[in-house]
>>> print(open('protein00.cif').read())   # mmCIF, C-alpha atoms
data_my_file
#
loop_
_atom_site.label_atom_id
_atom_site.label_comp_id
_atom_site.auth_asym_id
_atom_site.auth_seq_id
_atom_site.Cartn_x
_atom_site.Cartn_y
_atom_site.Cartn_z
CA MET A 48 -13.71 16.34 -29.34
CA SER A 49 -11.15 16.71 -26.57
CA ALA A 50 -9.12 19.92 -26.36
CA PHE A 51 -6.19 18.00 -24.85
CA SER A 52 -3.16 17.50 -27.06
CA TYR A 53 -2.52 14.02 -25.64
CA THR A 54 -4.93 11.17 -25.03
CA SER A 55 -5.06 9.32 -21.73
CA ASP A 56 -3.51 6.30 -23.45
CA GLN A 57 -0.60 8.44 -24.64
CA LEU A 58 0.01 9.71 -21.10
CA ARG A 59 -0.01 6.12 -19.89
CA GLN A 60 2.50 5.14 -22.54
CA LEU A 61 4.79 8.00 -21.52
CA ALA A 62 4.59 6.86 -17.89
CA THR A 63 5.34 3.29 -18.94
CA ASP A 64 8.37 4.45 -20.95
CA VAL A 65 9.72 6.34 -17.92
CA LEU A 66 9.35 3.31 -15.63
CA ARG A 67 10.93 1.01 -18.18
CA HIS A 68 13.95 3.26 -18.71
CA ALA A 69 14.45 3.74 -14.96
CA ALA A 70 14.55 -0.03 -14.47
CA HIS A 71 16.94 -0.39 -17.41
CA CYS A 72 19.29 2.16 -15.81
CA GLY A 73 19.39 0.30 -12.50
CA ALA A 74 16.81 2.11 -10.37
CA THR A 75 15.45 -0.13 -7.64
CA ALA A 76 12.11 1.75 -7.74
CA CYS A 77 10.50 4.59 -9.66
CA GLU A 78 7.38 6.73 -9.64
CA THR A 79 6.22 9.27 -12.19
CA ASP A 80 3.47 11.79 -12.88
CA VAL A 81 2.54 12.86 -16.40
CA SER A 82 0.11 15.76 -16.77
CA GLU A 83 -1.36 18.21 -19.23
CA GLY A 84 -3.61 21.21 -18.65
CA TYR A 85 -5.10 24.19 -20.40
CA GLY A 86 -7.33 27.10 -19.56
CA GLN A 87 -8.31 30.68 -20.10
CA SER A 88 -9.32 33.59 -17.90
CA VAL A 89 -10.60 37.08 -18.64
CA THR A 90 -10.93 40.12 -16.40
CA VAL A 91 -13.16 43.08 -17.13
CA ARG A 92 -12.84 46.34 -15.20
CA LYS A 93 -15.42 49.14 -15.55
CA GLY A 94 -16.76 47.44 -18.64
CA GLU A 95 -13.43 47.32 -20.43
CA VAL A 96 -11.36 44.20 -21.02
CA GLU A 97 -8.32 44.36 -18.74
CA THR A 98 -6.70 40.95 -19.22
CA ILE A 99 -7.14 37.87 -21.39
CA GLU A 100 -4.94 34.94 -20.44
CA PHE A 101 -4.52 31.56 -22.07
CA ASN A 102 -2.41 28.77 -20.66
CA ARG A 103 -1.45 25.34 -21.93
CA ASP A 104 1.19 23.33 -20.11
CA LYS A 105 2.43 19.82 -19.67
CA GLY A 106 5.03 18.12 -17.54
CA ILE A 107 6.57 14.87 -16.35
CA GLY A 108 8.00 14.43 -12.88
CA VAL A 109 10.24 11.44 -12.14
CA SER A 110 11.38 10.15 -8.75
CA VAL A 111 13.85 7.27 -8.74
CA TYR A 112 15.28 5.27 -5.86
CA LEU A 113 18.61 3.57 -5.44
CA GLY A 114 17.84 1.62 -2.31
CA GLN A 115 16.84 4.39 0.09
CA ARG A 116 18.45 7.21 -1.83
CA ARG A 117 16.02 9.32 -3.82
CA GLY A 118 16.48 11.63 -6.80
CA HIS A 119 13.89 13.72 -8.58
CA ALA A 120 13.86 15.52 -11.94
CA SER A 121 11.20 16.93 -14.25
CA THR A 122 10.70 18.12 -17.80
CA SER A 123 8.07 19.68 -20.03
CA ASP A 124 9.55 18.00 -23.11
CA PHE A 125 7.76 14.74 -23.93
CA SER A 126 10.27 13.53 -26.52
CA ALA A 127 11.86 10.11 -25.99
CA ALA A 128 15.33 11.65 -25.66
CA SER A 129 14.11 14.10 -23.02
CA LEU A 130 12.40 11.36 -21.01
CA ARG A 131 15.60 9.32 -20.96
CA ALA A 132 17.65 12.37 -19.96
CA THR A 133 15.20 13.20 -17.16
CA VAL A 134 15.36 9.69 -15.72
CA GLU A 135 19.15 9.76 -15.89
CA ALA A 136 19.26 13.17 -14.20
CA ALA A 137 17.12 11.84 -11.35
CA LEU A 138 19.42 8.84 -11.00
CA SER A 139 22.47 11.10 -10.91
CA ILE A 140 20.90 13.09 -8.09
CA ALA A 141 20.04 9.89 -6.19
CA ARG A 142 23.66 8.71 -6.34
CA PHE A 143 24.78 11.79 -4.44
CA THR A 144 21.89 11.85 -1.94
CA ALA A 145 22.20 10.55 1.61
CA GLU A 146 20.25 7.43 2.48
CA ASP A 147 16.90 8.08 4.13
CA PRO A 148 15.34 5.08 5.91
CA CYS A 149 11.87 6.53 5.32
CA ALA A 150 12.30 6.98 1.56
CA GLY A 151 10.58 4.65 -0.86
CA LEU A 152 7.31 3.70 -2.47
CA PRO A 153 4.20 2.86 -0.42
CA GLU A 154 3.48 -0.65 0.77
CA PRO A 155 1.95 -2.48 -2.24
CA GLU A 156 -1.20 -3.49 -0.39
CA LEU A 157 -2.09 0.16 0.22
CA LEU A 158 -2.05 1.17 -3.44
CA ALA A 159 -5.30 1.95 -5.23
CA ARG A 160 -6.54 -0.78 -7.56
CA ASN A 161 -8.98 -0.71 -10.48
CA THR A 162 -8.95 3.09 -10.51
CA ASP A 163 -10.51 3.19 -13.98
CA ALA A 164 -13.70 1.76 -12.48
CA ILE A 165 -14.09 4.76 -10.15
CA ASP A 166 -15.75 7.75 -11.83
CA LEU A 167 -16.00 10.72 -9.48
CA ASP A 168 -17.65 12.95 -12.10
CA LEU A 169 -14.91 15.59 -12.02
CA TYR A 170 -14.67 16.51 -15.71
CA TYR A 171 -16.96 19.17 -17.17
CA PRO A 172 -15.10 21.04 -19.91
CA TRP A 173 -16.43 24.55 -20.56
CA PRO A 174 -15.64 25.39 -24.21
CA ILE A 175 -16.54 29.02 -23.67
CA LEU A 176 -15.51 31.56 -26.29
CA VAL A 177 -13.46 34.52 -25.08
CA GLU A 178 -16.20 36.87 -26.25
CA ASP A 179 -18.77 34.99 -24.17
CA ALA A 180 -16.50 34.97 -21.10
CA ILE A 181 -16.06 38.74 -21.45
CA GLU A 182 -19.82 39.17 -21.64
CA ILE A 183 -20.36 37.08 -18.48
CA ALA A 184 -17.75 39.16 -16.62
CA ARG A 185 -19.44 42.36 -17.80
CA ARG A 186 -22.83 41.11 -16.63
CA SER A 187 -21.43 40.41 -13.17
CA GLU A 188 -19.78 43.82 -12.88
CA GLN A 189 -22.83 45.63 -14.27
CA ALA A 190 -25.01 43.88 -11.68
CA ALA A 191 -22.69 45.26 -8.99
CA PHE A 192 -22.85 48.81 -10.37
CA ALA A 193 -26.65 48.58 -10.59
CA VAL A 194 -27.03 48.09 -6.84
CA SER A 195 -26.09 51.67 -5.90
CA PRO A 196 -24.45 54.79 -7.34
CA LEU A 197 -21.99 54.46 -4.46
CA ILE A 198 -20.52 51.47 -6.27
CA SER A 199 -18.42 53.70 -8.49
CA ASN A 200 -15.37 51.60 -9.16
CA SER A 201 -14.20 48.03 -9.41
CA GLU A 202 -11.14 45.86 -9.18
CA GLY A 203 -12.76 43.79 -11.89
CA ALA A 204 -14.92 40.80 -12.60
CA SER A 205 -13.27 37.61 -13.81
CA VAL A 206 -14.28 34.39 -15.53
CA SER A 207 -11.94 31.42 -15.75
CA ALA A 208 -12.20 27.91 -17.16
CA HIS A 209 -9.53 25.26 -16.62
CA ALA A 210 -9.14 21.59 -17.48
CA ALA A 211 -6.39 19.05 -16.84
CA HIS A 212 -5.68 15.35 -16.94
CA PHE A 213 -2.84 13.25 -15.59
CA VAL A 214 -1.49 9.76 -15.06
CA SER A 215 0.46 8.63 -12.00
CA ALA A 216 2.37 5.36 -12.02
CA ASN A 217 5.05 3.49 -10.09
CA SER A 218 7.19 0.40 -10.45
CA LEU A 219 4.97 -1.60 -8.08
CA GLY A 220 2.33 -1.83 -10.81
CA PHE A 221 0.16 1.12 -9.84
CA MET A 222 -1.17 3.29 -12.64
CA GLY A 223 -4.10 5.67 -12.45
CA GLY A 224 -5.31 9.02 -13.62
CA TYR A 225 -8.32 11.04 -14.69
CA PRO A 226 -9.38 14.37 -16.18
CA SER A 227 -10.82 17.20 -14.09
CA THR A 228 -12.07 20.76 -14.46
CA ARG A 229 -12.42 23.90 -12.32
CA HIS A 230 -14.30 27.04 -13.28
CA TYR A 231 -14.80 30.38 -11.52
CA ILE A 232 -16.73 33.64 -11.71
CA SER A 233 -15.73 36.47 -9.34
CA CYS A 234 -16.47 40.14 -8.80
CA VAL A 235 -14.67 42.79 -6.67
CA PRO A 236 -16.61 46.08 -6.44
CA ILE A 237 -15.40 49.29 -4.76
CA ALA A 238 -17.78 51.61 -2.90
CA GLN A 239 -17.07 55.28 -2.26
CA GLY A 240 -19.00 57.39 0.26
CA GLY A 241 -18.70 59.82 3.16
CA LYS A 242 -17.73 63.47 2.96
CA GLY A 243 -15.87 64.14 -0.26
CA GLY A 244 -16.05 60.44 -1.11
CA LYS A 245 -13.07 59.77 1.14
CA ASP A 246 -14.50 56.56 2.57
CA MET A 247 -13.59 53.74 0.17
CA GLN A 248 -14.29 50.06 0.78
CA ARG A 249 -14.01 46.89 -1.25
CA ASP A 250 -15.33 43.37 -0.90
CA ASP A 251 -15.74 40.41 -3.20
CA TRP A 252 -17.58 37.20 -3.90
CA TYR A 253 -17.02 34.27 -6.19
CA SER A 254 -18.42 30.93 -7.25
CA GLY A 255 -16.17 28.03 -8.20
CA TRP A 256 -17.12 24.46 -9.16
CA ARG A 257 -16.22 21.55 -11.41
CA ASP A 258 -19.36 21.94 -13.53
CA PRO A 259 -20.11 25.38 -15.03
CA ALA A 260 -23.81 24.59 -14.65
CA ASP A 261 -23.31 24.66 -10.87
CA LEU A 262 -21.88 28.20 -10.85
CA ALA A 263 -24.00 30.99 -9.42
CA THR A 264 -25.28 33.41 -12.03
CA PRO A 265 -22.95 36.32 -12.80
CA GLU A 266 -25.69 38.74 -11.77
CA ALA A 267 -26.11 37.08 -8.37
CA ILE A 268 -22.35 37.17 -7.76
CA GLY A 269 -22.07 40.85 -8.69
CA ASP A 270 -25.14 41.86 -6.72
CA TYR A 271 -24.02 40.07 -3.56
CA ALA A 272 -20.46 41.37 -3.84
CA ALA A 273 -21.82 44.92 -4.16
CA ARG A 274 -24.09 44.60 -1.12
CA ARG A 275 -21.20 43.26 0.93
CA THR A 276 -19.07 46.22 -0.18
CA LEU A 277 -21.75 48.83 0.59
CA SER A 278 -22.28 47.42 4.06
CA ARG A 279 -18.64 48.22 4.90
CA LEU A 280 -18.97 51.98 4.33
CA GLY A 281 -18.66 54.00 7.52
CA ALA A 282 -16.42 51.43 9.19
CA LYS A 283 -15.06 52.34 12.62
CA LYS A 284 -12.29 51.15 14.88
CA LEU A 285 -13.08 49.29 18.09
CA LYS A 286 -11.58 49.87 21.48
CA THR A 287 -9.53 46.90 22.67
CA ARG A 288 -11.69 44.27 24.35
CA GLN A 289 -12.35 40.59 24.79
CA CYS A 290 -15.49 39.22 23.20
CA LYS A 291 -17.06 36.48 21.14
CA VAL A 292 -15.86 36.29 17.54
CA MET A 293 -17.79 34.79 14.65
CA PHE A 294 -15.78 33.70 11.60
CA GLU A 295 -17.99 33.99 8.52
CA ALA A 296 -18.18 30.64 6.70
CA PRO A 297 -15.41 31.31 4.12
CA LEU A 298 -13.08 32.33 6.96
CA ALA A 299 -14.25 29.40 9.08
CA ALA A 300 -12.90 27.21 6.27
CA MET A 301 -9.53 28.92 6.75
CA LEU A 302 -9.71 28.21 10.50
CA ILE A 303 -10.29 24.52 9.75
CA GLY A 304 -7.32 24.79 7.38
CA SER A 305 -5.17 25.86 10.32
CA PHE A 306 -6.23 22.71 12.16
CA VAL A 307 -5.32 20.56 9.14
CA HIS A 308 -1.90 22.19 8.94
CA ALA A 309 -1.25 21.55 12.62
CA VAL A 310 -2.07 17.82 12.38
CA SER A 311 -0.34 17.17 9.05
CA GLY A 312 2.66 14.90 8.90
CA GLY A 313 5.26 17.51 7.92
CA SER A 314 4.42 19.71 10.91
CA LEU A 315 4.27 16.74 13.27
CA TYR A 316 7.54 14.98 12.48
CA ARG A 317 9.41 18.30 12.47
CA LYS A 318 7.91 19.07 15.91
CA SER A 319 6.68 22.39 14.52
CA SER A 320 3.07 22.05 15.68
CA PHE A 321 1.30 22.72 18.96
CA LEU A 322 -0.69 19.52 18.31
CA VAL A 323 2.23 17.07 18.36
CA ASP A 324 1.19 13.79 20.04
CA SER A 325 -2.46 14.88 20.09
CA LEU A 326 -3.96 11.69 18.61
CA GLY A 327 -6.81 10.49 20.83
CA THR A 328 -7.11 13.77 22.72
CA ARG A 329 -10.05 16.18 22.73
CA ILE A 330 -9.28 19.25 20.63
CA PHE A 331 -12.78 20.54 19.85
CA PRO A 332 -16.05 20.59 21.84
CA GLU A 333 -17.50 17.15 22.51
CA TRP A 334 -20.37 17.69 20.03
CA MET A 335 -18.09 18.44 17.08
CA SER A 336 -17.17 16.10 14.22
CA ILE A 337 -15.19 16.32 10.98
CA GLU A 338 -15.46 13.66 8.28
CA GLU A 339 -13.13 13.18 5.33
CA GLN A 340 -14.92 11.88 2.23
CA PRO A 341 -12.55 11.65 -0.77
CA LEU A 342 -15.07 10.00 -3.11
CA ILE A 343 -17.80 12.66 -3.30
CA LYS A 344 -19.09 13.11 -6.84
CA LYS A 345 -18.03 16.49 -8.28
CA GLY A 346 -16.10 17.25 -5.09
CA LEU A 347 -13.45 19.95 -5.35
CA ALA A 348 -11.00 17.74 -3.43
CA SER A 349 -12.18 14.30 -4.55
CA SER A 350 -9.72 11.62 -5.66
CA PRO A 351 -9.61 7.82 -5.56
CA PHE A 352 -5.91 7.95 -4.61
CA ASP A 353 -3.39 10.39 -3.18
CA ASP A 354 -0.15 11.67 -4.69
CA ASP A 355 1.62 8.45 -3.63
CA GLY A 356 -0.99 6.26 -5.36
CA VAL A 357 -2.43 5.14 -2.01
CA ALA A 358 -6.16 4.43 -2.06
CA THR A 359 -8.29 7.06 -0.32
CA LEU A 360 -11.04 6.06 2.09
CA ASP A 361 -13.82 7.75 4.01
CA ARG A 362 -12.82 8.29 7.63
CA SER A 363 -13.64 10.26 10.74
CA VAL A 364 -10.99 12.84 11.59
CA ILE A 365 -12.80 14.28 14.62
CA THR A 366 -15.41 12.35 16.59
CA ASP A 367 -17.00 13.85 19.72
CA GLY A 368 -14.28 16.50 19.60
CA VAL A 369 -11.50 13.89 19.76
CA LEU A 370 -8.77 13.65 17.10
CA GLN A 371 -9.02 10.25 15.40
CA GLY A 372 -6.33 10.60 12.74
CA TYR A 373 -3.59 12.79 11.31
CA PHE A 374 -3.05 13.73 7.65
CA LEU A 375 -0.09 11.61 6.57
CA SER A 376 1.74 10.73 3.38
CA THR A 377 3.83 7.59 3.01
CA TYR A 378 7.01 9.48 3.90
CA THR A 379 5.67 11.48 6.86
CA ALA A 380 3.93 8.40 8.26
CA ARG A 381 7.23 6.51 8.27
CA LYS A 382 8.92 9.45 9.98
CA LEU A 383 6.32 9.13 12.73
CA GLY A 384 6.35 5.33 12.86
CA MET A 385 2.77 5.21 11.59
CA GLN A 386 0.84 4.23 8.45
CA THR A 387 -0.14 6.64 5.69
CA THR A 388 -3.67 8.02 5.80
CA GLY A 389 -3.78 8.58 2.04
CA ASN A 390 -3.14 12.30 2.33
CA ALA A 391 -0.01 12.81 0.24
CA GLY A 392 -0.85 16.10 -1.45
CA GLY A 393 -3.21 17.29 1.28
CA SER A 394 -6.64 16.72 2.74
CA HIS A 395 -9.63 15.61 0.71
CA ASN A 396 -13.24 16.75 1.15
CA LEU A 397 -13.62 17.68 4.83
CA LEU A 398 -17.20 18.00 6.04
CA VAL A 399 -17.53 19.88 9.32
CA ALA A 400 -20.85 19.08 10.96
CA SER A 401 -22.98 21.96 12.18
CA SER A 402 -23.62 22.16 15.91
CA PRO A 403 -26.84 20.70 17.32
CA ASP A 404 -29.80 23.02 16.72
CA ALA A 405 -27.58 25.39 14.75
CA PRO A 406 -29.36 28.35 13.13
CA ALA A 407 -30.02 27.93 9.41
CA ASP A 408 -28.48 31.22 8.30
CA ILE A 409 -26.01 33.87 9.42
CA ALA A 410 -28.81 36.12 10.72
CA GLY A 411 -29.83 33.36 13.10
CA MET A 412 -26.20 32.86 14.08
CA LEU A 413 -25.91 36.55 14.96
CA ARG A 414 -29.04 36.37 17.12
CA ALA A 415 -27.66 33.32 18.90
CA MET A 416 -24.29 34.99 19.45
CA GLY A 417 -25.86 38.12 20.91
CA THR A 418 -22.95 40.55 21.20
CA GLY A 419 -19.54 40.20 19.59
CA LEU A 420 -17.52 40.59 16.41
CA LEU A 421 -18.45 39.15 13.02
CA VAL A 422 -15.24 38.80 10.99
CA THR A 423 -15.58 38.83 7.21
CA GLU A 424 -11.98 39.56 6.18
CA LEU A 425 -8.60 38.49 7.54
CA LEU A 426 -5.27 40.09 6.74
CA GLY A 427 -1.69 38.92 7.22
CA HIS A 428 -0.31 35.55 8.27
CA GLY A 429 0.15 35.86 12.01
CA ILE A 430 -0.03 32.22 13.07
CA ASN A 431 2.73 30.52 15.07
CA TYR A 432 2.03 26.82 14.66
CA ILE A 433 4.66 25.84 17.21
CA THR A 434 2.84 27.63 20.04
CA GLY A 435 -0.61 27.99 18.47
CA ASP A 436 -0.54 31.77 18.94
CA TYR A 437 -2.91 33.47 16.50
CA SER A 438 -2.96 37.15 15.53
CA ARG A 439 -4.52 38.46 12.32
CA GLY A 440 -5.61 41.82 11.00
CA ALA A 441 -9.37 41.82 10.51
CA ALA A 442 -12.44 43.67 9.30
CA GLY A 443 -16.12 42.94 9.78
CA TYR A 444 -19.04 44.11 11.89
CA TRP A 445 -19.76 44.81 15.53
CA VAL A 446 -22.89 42.97 16.64
CA GLU A 447 -25.14 44.00 19.54
CA LYS A 448 -28.21 42.13 20.74
CA GLY A 449 -28.07 39.87 17.71
CA GLU A 450 -28.05 42.65 15.14
CA ILE A 451 -25.23 44.27 13.17
CA ALA A 452 -24.57 47.66 14.76
CA TYR A 453 -21.86 49.02 12.44
CA PRO A 454 -18.92 47.92 10.28
CA VAL A 455 -15.42 47.85 11.79
CA HIS A 456 -11.92 47.85 10.31
CA GLU A 457 -8.27 48.32 11.24
CA ILE A 458 -8.46 45.86 14.11
CA THR A 459 -6.54 42.75 15.14
CA ILE A 460 -8.01 39.56 16.56
CA ALA A 461 -5.75 37.44 18.75
CA GLY A 462 -5.87 34.22 20.71
CA ASN A 463 -4.38 30.75 20.78
CA LEU A 464 -5.58 28.09 18.36
CA ARG A 465 -5.81 25.48 21.11
CA ASP A 466 -8.16 27.74 23.09
CA MET A 467 -10.02 28.81 19.95
CA PHE A 468 -10.68 25.21 18.90
CA SER A 469 -11.88 24.13 22.34
CA GLY A 470 -13.87 27.36 22.68
CA ILE A 471 -16.05 26.90 19.60
CA GLU A 472 -19.63 27.57 20.71
CA MET A 473 -21.52 27.14 17.44
CA ILE A 474 -21.08 26.05 13.85
CA GLY A 475 -23.84 27.24 11.57
CA ARG A 476 -25.74 25.62 8.74
CA ASP A 477 -24.83 28.50 6.39
CA VAL A 478 -22.25 26.20 4.83
CA VAL A 479 -19.91 27.06 1.97
CA THR A 480 -17.28 24.94 0.25
CA ARG A 481 -13.84 26.46 -0.11
CA GLY A 482 -11.33 24.05 -1.61
CA SER A 483 -11.29 20.86 0.45
CA ARG A 484 -13.37 22.24 3.34
CA THR A 485 -17.16 22.53 3.75
CA VAL A 486 -18.26 24.38 6.88
CA GLY A 487 -20.66 27.00 8.23
CA SER A 488 -19.84 30.10 10.25
CA ILE A 489 -17.97 29.41 13.50
CA VAL A 490 -18.44 31.27 16.79
CA VAL A 491 -15.48 31.27 19.19
CA ASN A 492 -16.41 32.07 22.79
CA ARG A 493 -13.58 34.50 23.58
CA MET A 494 -10.80 36.31 21.74
CA THR A 495 -8.91 39.57 22.18
CA VAL A 496 -9.89 42.29 19.72
CA ALA A 497 -7.27 45.04 19.57
CA GLY A 498 -8.19 48.40 18.12
CA SER A 499 -7.79 51.99 19.20
#
>>> encode(input="protein00.cif", output="structure tokens")
Amino acid sequence: MSAFSYTSDQLRQLATDVLRHAAHCGATACETDVSEGYGQSVTVRKGEVETIEFNRDKGIGVSVYLGQRRGHASTSDFSAASLRATVEAALSIARFTAEDPCAGLPEPELLARNTDAIDLDLYYPWPILVEDAIEIARRSEQAAFAVSPLISNSEGASVSAHAAHFVSANSLGFMGGYPSTRHYISCVPIAQGGKGGKDMQRDDWYSGWRDPADLATPEAIGDYAARRTLSRLGAKKLKTRQCKVMFEAPLAAMLIGSFVHAVSGGSLYRKSSFLVDSLGTRIFPEWMSIEEQPLIKKGLASSPFDDDGVATLDRSVITDGVLQGYFLSTYTARKLGMQTTGNAGGSHNLLVASSPDAPADIAGMLRAMGTGLLVTELLGHGINYITGDYSRGAAGYWVEKGEIAYPVHEITIAGNLRDMFSGIEMIGRDVVTRGSRTVGSIVVNRMTVAGS
């Protein structure tokens, strides 16, 4: 039995009612999204329950067009009177909005068709009782404490389960939607050592997937998080230098995220990216490739259509280091005089290929790097996308002759994203998936490390 309050057919009927009323009120075009979601999360700290959260929400967003004037309104009230009032509010806004030649629905031929026939296997509800979620969180935290008596504290272990479904529709005849789930287990231990226990360090690990059966065991998450935390005790500062920098796989995913931001439509048409007019140019080393695959079963960023209803397709974003395509919505594509790439709402599953003969694990990556900095945590938001200048607080490990010599903290790594992208020496096979990006650790040939 579904835990949703509304069936998919009821969401479709609500969307149909919105479109019908918009047409009745004189809108030349309309699009709407109807959604419902629910979930729960628990956090345990030092064996005691710290938080229990439940959420259940629903909403309808309506965008109407009067020619090339657009108005938008939303509501969480699904009553017929509220739907009519929301449509009329959007129309009122549109009447007082300046015309925008790029506003409007996508070209009809680009819209996804027969979406009900595409099952991406995204829905795995986890009807876990609160008591069972608490027990899983406790098991994860206890596994962390069991690693060493130096793990004496915790920021908590958490378990969350979330489900949602939605329907998107527009006045061109598009209608599609599906249910999906996301579940997580995380643990954040604190280690205390040194004279008088004055040296305190924290680290974390988590597992998040569509299907709870794919999650790592709570014990494995807690154990690994604890070992990461312990390894940071005795951290030192580094003297300022230039050296190779390895971004551990989860941070490598963030680096790829910076690339996506720089070649996304909003940044490009506003001229707020250092990669404006970069289509067809080499950005990465000639051996590097990035594929976008929106239709991966169970993928965390899988979808048969984007937020505009445009069909998504597999494509090559980077081939032989050369940029093959931007990330564009219908609106941003028109601003650039181009065609949408089906990326309204963001990128889909991005698979970054490992470099030829890449080591299979991070230990092999360290041996291949030789001497340099392994970064496992980044702090702050020091990225200027207009110039590409990059400066972030960091922590990690100093590596000598392929082995970790000691942990480091209170440092800053700096460079320019253009140089960092072109200076990638290796991408490992120690891949992780974080959101829409799947990638291994990345070694950049030269960055400035500022310390004492």
>>> resolve_selection(input="protein00.cif", expression="the PyMOL selection byres ((chain A and resi 454) around 12)", output="ChimeraX atom specification")
/A:248,275-285,420-424,441-447,450-453,455-458
>>> closest_residue(input="protein00.cif", among="A:Lys291, A:Thr434, A:Gly244, A:Pro406", to="Lys318 of chain A", atoms="all atoms listed in the file")
A:Thr434
>>> closest_residue(input="protein00.cif", among="A:Ala74, A:Ala150, A:Val214, A:Val89", to="Thr54 of chain A", atoms="all atoms listed in the file")
A:Val214
>>> atom_distance(input="protein00.cif", atom1="atom CA of Ala120 of chain A", atom2="atom CA of Thr387 of chain A")
24.2 Å
>>> residues_around(input="protein00.cif", residues="Gly392 of chain A", least_positions_apart="5", cutoff="8 Å", atoms="only C-alpha atoms", output="PDB file with C-alpha atoms, in the frame of the given file")
ATOM      1  CA  ASP A 353      -3.390  10.390  -3.180  1.00  0.00           C
ATOM      2  CA  ASP A 354      -0.150  11.670  -4.690  1.00  0.00           C
ATOM      3  CA  SER A 376       1.740  10.730   3.380  1.00  0.00           C
TER       4      SER A 376
END
>>> resolve_selection(input="protein00.cif", expression="the PyMOL selection byres ((chain A and resi 356) around 7)", output="PyMOL selection string")
chain A and resi 158-159+221+352-355+357-358
>>> atom_distance(input="protein00.cif", atom1="atom CA of Phe306 of chain A", atom2="atom CA of Ala415 of chain A")
24.8 Å
>>> resolve_selection(input="protein00.cif", expression="the PyMOL selection byres ((chain A and resi 251) around 6)", output="list in words")
Cys234, Val235, Asp250, Trp252 and Ala272 of chain A
>>> closest_atom_pairs(input="protein00.cif", of="segment 387-431 of chain A", to="segment 466-483 of chain A", cutoff="9 Å", atoms="only C-alpha atoms", output="CSV")
residue,atom,partner,partner_atom,distance
A:Gly393,CA,A:Ser483,CA,8.9
A:Ser394,CA,A:Ser483,CA,6.6
A:His395,CA,A:Ser483,CA,5.5
A:Asn396,CA,A:Ser483,CA,4.6
A:Leu397,CA,A:Ser483,CA,5.9
A:Leu398,CA,A:Ser483,CA,8.6
A:Val399,CA,A:Ile474,CA,8.4
A:Ala400,CA,A:Ile474,CA,7.5
A:Ser401,CA,A:Ile474,CA,4.8
A:Ser402,CA,A:Ile474,CA,5.1
A:Pro403,CA,A:Met473,CA,8.4
A:Asp404,CA,A:Gly475,CA,8.9
A:Ala405,CA,A:Gly475,CA,5.2
A:Pro406,CA,A:Gly475,CA,5.8
A:Ala407,CA,A:Arg476,CA,4.9
A:Asp408,CA,A:Asp477,CA,4.9
A:Ile409,CA,A:Asp477,CA,6.3
A:Gly411,CA,A:Gly475,CA,8.7
A:Met412,CA,A:Gly475,CA,6.6
A:Ala415,CA,A:Met473,CA,8.8
A:Met416,CA,A:Met473,CA,8.6
>>> closest_residue(input="protein00.cif", among="A:Ser195, A:Ser336, A:Ser205, A:Asn217", to="Arg67 of chain A", atoms="all atoms listed in the file")
A:Asn217
>>> atom_distance(input="protein00.cif", atom1="atom CA of Gly313 of chain A", atom2="atom CA of Ala391 of chain A")
10.4 Å
>>> residues_around(input="protein00.cif", residues="Thr162 of chain A", least_positions_apart="5", cutoff="8 Å", atoms="all atoms listed in the file", output="ChimeraX atom specification")
/A:223-224,351
>>> residues_around(input="protein00.cif", residues="segment 260-262 of chain A", least_positions_apart="3", cutoff="12 Å", atoms="only C-alpha atoms", output="ChimeraX atom specification")
/A:171-173,183,206-208,229-233,253-257,265-268,345-346
>>> residues_around(input="protein00.cif", residues="Asn431 of chain A", least_positions_apart="5", cutoff="9 Å", atoms="all atoms listed in the file", output="PyMOL selection string")
chain A and resi 320-321+436-438
>>> closest_residue(input="protein00.cif", among="A:Gln60, A:Thr459, A:Ser488, A:Ser121", to="Ala410 of chain A", atoms="only C-alpha atoms")
A:Ser488
